[in-house]
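K.L.:
Below is a structure I'd like to ask you about.
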Amino acid sequence: RRRRRRPVRVYMDGCFDMMHYGHCNALRQARALGDELVVGVISDDEIKANKGPPVTPLHERMIMVRAVKWVDDIIPDAPYAITEEFMNKLFNEYNIDYIIHGDDPCLLPDGTDAYALAKKAGRYKQIKRTEGVSTTDIVGRMLLCVRERSSDAHNHSSLQRQFSSGHGQKVDDTGSGTGTRVSHFLPTSRRIVQFSNSRGPGPDSRIVYMDGAFDLFHAGHVEILRLARELGDFLLVGIHTDQTISATRGRHRPIMNLHERSLSVLACRYVDEVIIGAPWDVSKDMKAAACWRLEQRCRTLEARAEGLCSSHTMKGAATQWSNGHTTGRRERRTAALEKVAVKQRR
Ligand code: CTP
């Protein structure tokens, strides 16, 4: 009789601040190098000491990482550098076989490699970093958006100062390293397939449809998608076009383009399928053409009304940067989520 082989367990760590599709793609590649993926979410203090203060606190970063469909388990408050002690803990307590990181250098403040010990032990593997997206770039786009919307020059410059000093990077006067807020990111069909689930709804599935912008995909979105998925067996998410969002929320939005937003939503474990560029109104034609039985339709408008919106996140982030602390945003969000849950239970 053949003995079943033990699953290969891989570990990837990271800050996962303002989680984006580059992070999701890193987790997807890491998971493909083994059978089970354990993710270490680096503590706020460690990030502060090594890179400057994170925009999103550990609690929210954990919600985001846990929601990614390729993640099996997480370790909160992970250290920034893989020390001898932590490495032994990974091997002995968590049964980790390999430690994984993107192919960009990850240096400690003293210039040494954060993964040197794992490399020396022959337990390190590398994945390809996703080009064209980073937390720094997204913050740059947000700064430009805040700046365009507000004449409060002082507030903006203090934001900019704090961000550039904390992260050791200069955000230029146009708000981003590349000097533009608009991303021209286009995914290939292969990337979309990599992020997609292969299965469609079963014949008797109760399909839940939810549409929205899902700009700057955040913990509020994750919670609302989780609740929506609980209403049925298959969650179809319609992602509005950039034009629809600009028309409804102002020309400064969205921050992330249609394709970037679609990948973030697709990576979420509660989502079964997305419509990339869904119309604002769900037409009869669309229902017929897509053969979707629209059992439920939860407009994100509802959530928006409850304060679970990305402009709220942006304001929160802005305040956090300039004041160096959160402003009850999590409490407000939790209360709003509870209200939505109660409404849906009725
Ligand atoms: N990563 C990636 N592609 C990106 C950004 C990050 O593959 N565009 C990978 C990193 O290499 C790392 C993991 O995602 O293995 C977590 O990255 P993180 O610690 O959050 O920070 P950064 O590498 O600095 O990413 P960012 O600049 O976006 O914060």
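Letters A, B, ... mark the chains of the structure tokens in the order given; residue numbers begin at 1 per chain; ligand numbers begin at 1, in order shown.
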How would you write, as JSON, numbers by chain, the set of residues no farther than 9 Å from ligand 1 when counting only C-alpha atoms and all ligand atoms?

P.N.:
{"A": [12, 13, 14, 15, 16, 17, 18, 19, 20, 21, 22, 23, 24, 25, 26, 27, 29, 30, 41, 42, 47, 51, 80, 100, 101, 102, 103, 104, 105, 106, 126, 127, 128, 129, 130, 131, 132, 133, 134, 135, 136, 137, 138]}

K.L.:
List the spatial neighbours of Pro279 (chain A) as a ChimeraX atom specification - criterion: any atom at most 8 Å away, only C-alpha atoms, same-chain residues fewer than 6 positions off excluded.

P.N.:
/A:238,240-241,244

K.L.:
Can you measure CA of Met87 (chain A) to CA of Ala267 (chain A) for me? One decimal in Å is fine.

P.N.:
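So the answer is 28.4 Å.
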
K.L.:
Of the candidates A:Leu90, A:Ala49, A:Leu258, A:Ile74, which one gets nearest to Gln243 (chain A) if we count only C-alpha atoms?

P.N.:
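Nearest candidate to Gln243 (chain A) out of A:Leu90, A:Ala49, A:Leu258, A:Ile74: A:Leu258.
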
K.L.:
So what do you get for CA of Pro203 (chain A) versus CA of Ser264 (chain A), distance-wise?

P.N.:
27.3 Å

K.L.:
Just to confirm, what's the straight-line distance from CA of Met210 (chain A) to CA of Asp233 (chain A) in Å (one decimal)?

P.N.:
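Pair CA of Met210 (chain A) / CA of Asp233 (chain A) returns 13.2 Å.
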
K.L.:
Using only C-alpha atoms, can you tell me which of A:Val68, A:Thr248, A:Ser183, A:Leu236 comes closest to Gly200 (chain A)?

P.N.:
A:Leu236

K.L.:
With only C-alpha atoms as the atoms that count, which of A:Gly220, A:Gly212, A:Pro57, A:Pro109 lies nearest to Asp281 (chain A)?

P.N.:
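Smallest separation from Asp281 (chain A) among the options: A:Gly212.
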
K.L.:
Can you list, as number ranges by chain, all residues belonging to region 85-254 of chain A that DSSP tags as strand (DSSP E or B)?

P.N.:
A: 98-102, 107, 113, 124-127, 207-212, 234-240

K.L.:
Which of these, A:Tyr11, A:Tyr270, A:Trp280, A:Phe214, has the shortest distance to Arg123 (chain A) once you count only C-alpha atoms?

P.N.:
A:Tyr11

K.L.:
Would you list, as a ChimeraX atom specification, the residues of region 250-285 of chain A that end up in alpha helix (DSSP H) under DSSP run on this structure's backbone?

P.N.:
/A:258-266,284-285

K.L.:
Restricted to N, CA and C atoms, what would the selected residues look like written as a PDB file, in the first residue's frame?

P.N.:
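And here's again_2.pdb as it stands now:
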ATOM      1  N   LEU A 258     -10.695  49.348 -13.942  1.00  0.00           N
ATOM      2  CA  LEU A 258     -11.633  48.217 -13.994  1.00  0.00           C
ATOM      3  C   LEU A 258     -10.934  46.862 -13.832  1.00  0.00           C
ATOM      4  N   HIS A 259      -9.808  46.704 -14.508  1.00  0.00           N
ATOM      5  CA  HIS A 259      -9.145  45.396 -14.501  1.00  0.00           C
ATOM      6  C   HIS A 259      -8.454  45.123 -13.171  1.00  0.00           C
ATOM      7  N   GLU A 260      -7.884  46.168 -12.592  1.00  0.00           N
ATOM      8  CA  GLU A 260      -7.256  46.018 -11.272  1.00  0.00           C
ATOM      9  C   GLU A 260      -8.314  45.660 -10.236  1.00  0.00           C
ATOM     10  N   ARG A 261      -9.462  46.332 -10.323  1.00  0.00           N
ATOM     11  CA  ARG A 261     -10.544  46.073  -9.366  1.00  0.00           C
ATOM     12  C   ARG A 261     -11.100  44.668  -9.552  1.00  0.00           C
ATOM     13  N   SER A 262     -11.197  44.254 -10.819  1.00  0.00           N
ATOM     14  CA  SER A 262     -11.752  42.919 -11.101  1.00  0.00           C
ATOM     15  C   SER A 262     -10.859  41.819 -10.533  1.00  0.00           C
ATOM     16  N   LEU A 263      -9.540  41.971 -10.654  1.00  0.00           N
ATOM     17  CA  LEU A 263      -8.643  40.930 -10.140  1.00  0.00           C
ATOM     18  C   LEU A 263      -8.716  40.843  -8.622  1.00  0.00           C
ATOM     19  N   SER A 264      -8.796  41.990  -7.963  1.00  0.00           N
ATOM     20  CA  SER A 264      -8.894  41.972  -6.498  1.00  0.00           C
ATOM     21  C   SER A 264     -10.153  41.236  -6.059  1.00  0.00           C
ATOM     22  N   VAL A 265     -11.274  41.501  -6.739  1.00  0.00           N
ATOM     23  CA  VAL A 265     -12.533  40.856  -6.368  1.00  0.00           C
ATOM     24  C   VAL A 265     -12.468  39.357  -6.679  1.00  0.00           C
ATOM     25  N   LEU A 266     -11.876  39.012  -7.820  1.00  0.00           N
ATOM     26  CA  LEU A 266     -11.772  37.596  -8.211  1.00  0.00           C
ATOM     27  C   LEU A 266     -10.929  36.780  -7.236  1.00  0.00           C
ATOM     28  N   LYS A 284     -32.947  43.348 -18.417  1.00  0.00           N
ATOM     29  CA  LYS A 284     -33.532  42.033 -18.717  1.00  0.00           C
ATOM     30  C   LYS A 284     -32.624  41.302 -19.702  1.00  0.00           C
ATOM     31  N   ASP A 285     -32.108  42.062 -20.683  1.00  0.00           N
ATOM     32  CA  ASP A 285     -31.222  41.484 -21.712  1.00  0.00           C
ATOM     33  C   ASP A 285     -30.059  40.775 -21.081  1.00  0.00           C
TER      34      ASP A 285
END

K.L.:
Quick one: everything within 6 Å of Leu37 (chain A), counting only C-alpha atoms, minus sequence neighbours fewer than 6 positions away in the same chain. Send it as a PDB file with N, CA and C atoms, in the first residue's frame.

P.N.:
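Result file follows (part.pdb):
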ATOM      1  N   ARG A   9       4.076  22.201   2.730  1.00  0.00           N
ATOM      2  CA  ARG A   9       3.565  23.462   3.298  1.00  0.00           C
ATOM      3  C   ARG A   9       4.550  24.584   3.034  1.00  0.00           C
ATOM      4  N   VAL A  10       4.037  25.667   2.469  1.00  0.00           N
ATOM      5  CA  VAL A  10       4.921  26.794   2.162  1.00  0.00           C
ATOM      6  C   VAL A  10       4.505  28.022   2.979  1.00  0.00           C
ATOM      7  N   TYR A  11       5.479  28.878   3.222  1.00  0.00           N
ATOM      8  CA  TYR A  11       5.247  30.085   4.034  1.00  0.00           C
ATOM      9  C   TYR A  11       5.622  31.319   3.229  1.00  0.00           C
ATOM     10  N   ARG A  31       1.283  29.572  -3.370  1.00  0.00           N
ATOM     11  CA  ARG A  31       0.429  28.386  -3.145  1.00  0.00           C
ATOM     12  C   ARG A  31       0.723  27.296  -4.173  1.00  0.00           C
ATOM     13  N   VAL A  71      -5.045  31.203   0.335  1.00  0.00           N
ATOM     14  CA  VAL A  71      -4.434  31.190   1.672  1.00  0.00           C
ATOM     15  C   VAL A  71      -5.107  30.130   2.556  1.00  0.00           C
ATOM     16  N   ASP A  72      -4.306  29.260   3.168  1.00  0.00           N
ATOM     17  CA  ASP A  72      -4.873  28.218   4.029  1.00  0.00           C
ATOM     18  C   ASP A  72      -4.846  28.616   5.495  1.00  0.00           C
TER      19      ASP A  72
END

K.L.:
Using only C-alpha atoms for the distances, tell me which of A:Leu216, A:Ala278, A:Ile75, A:Val8 is nearest to Tyr98 (chain A).

P.N.:
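Closest candidate: A:Val8.
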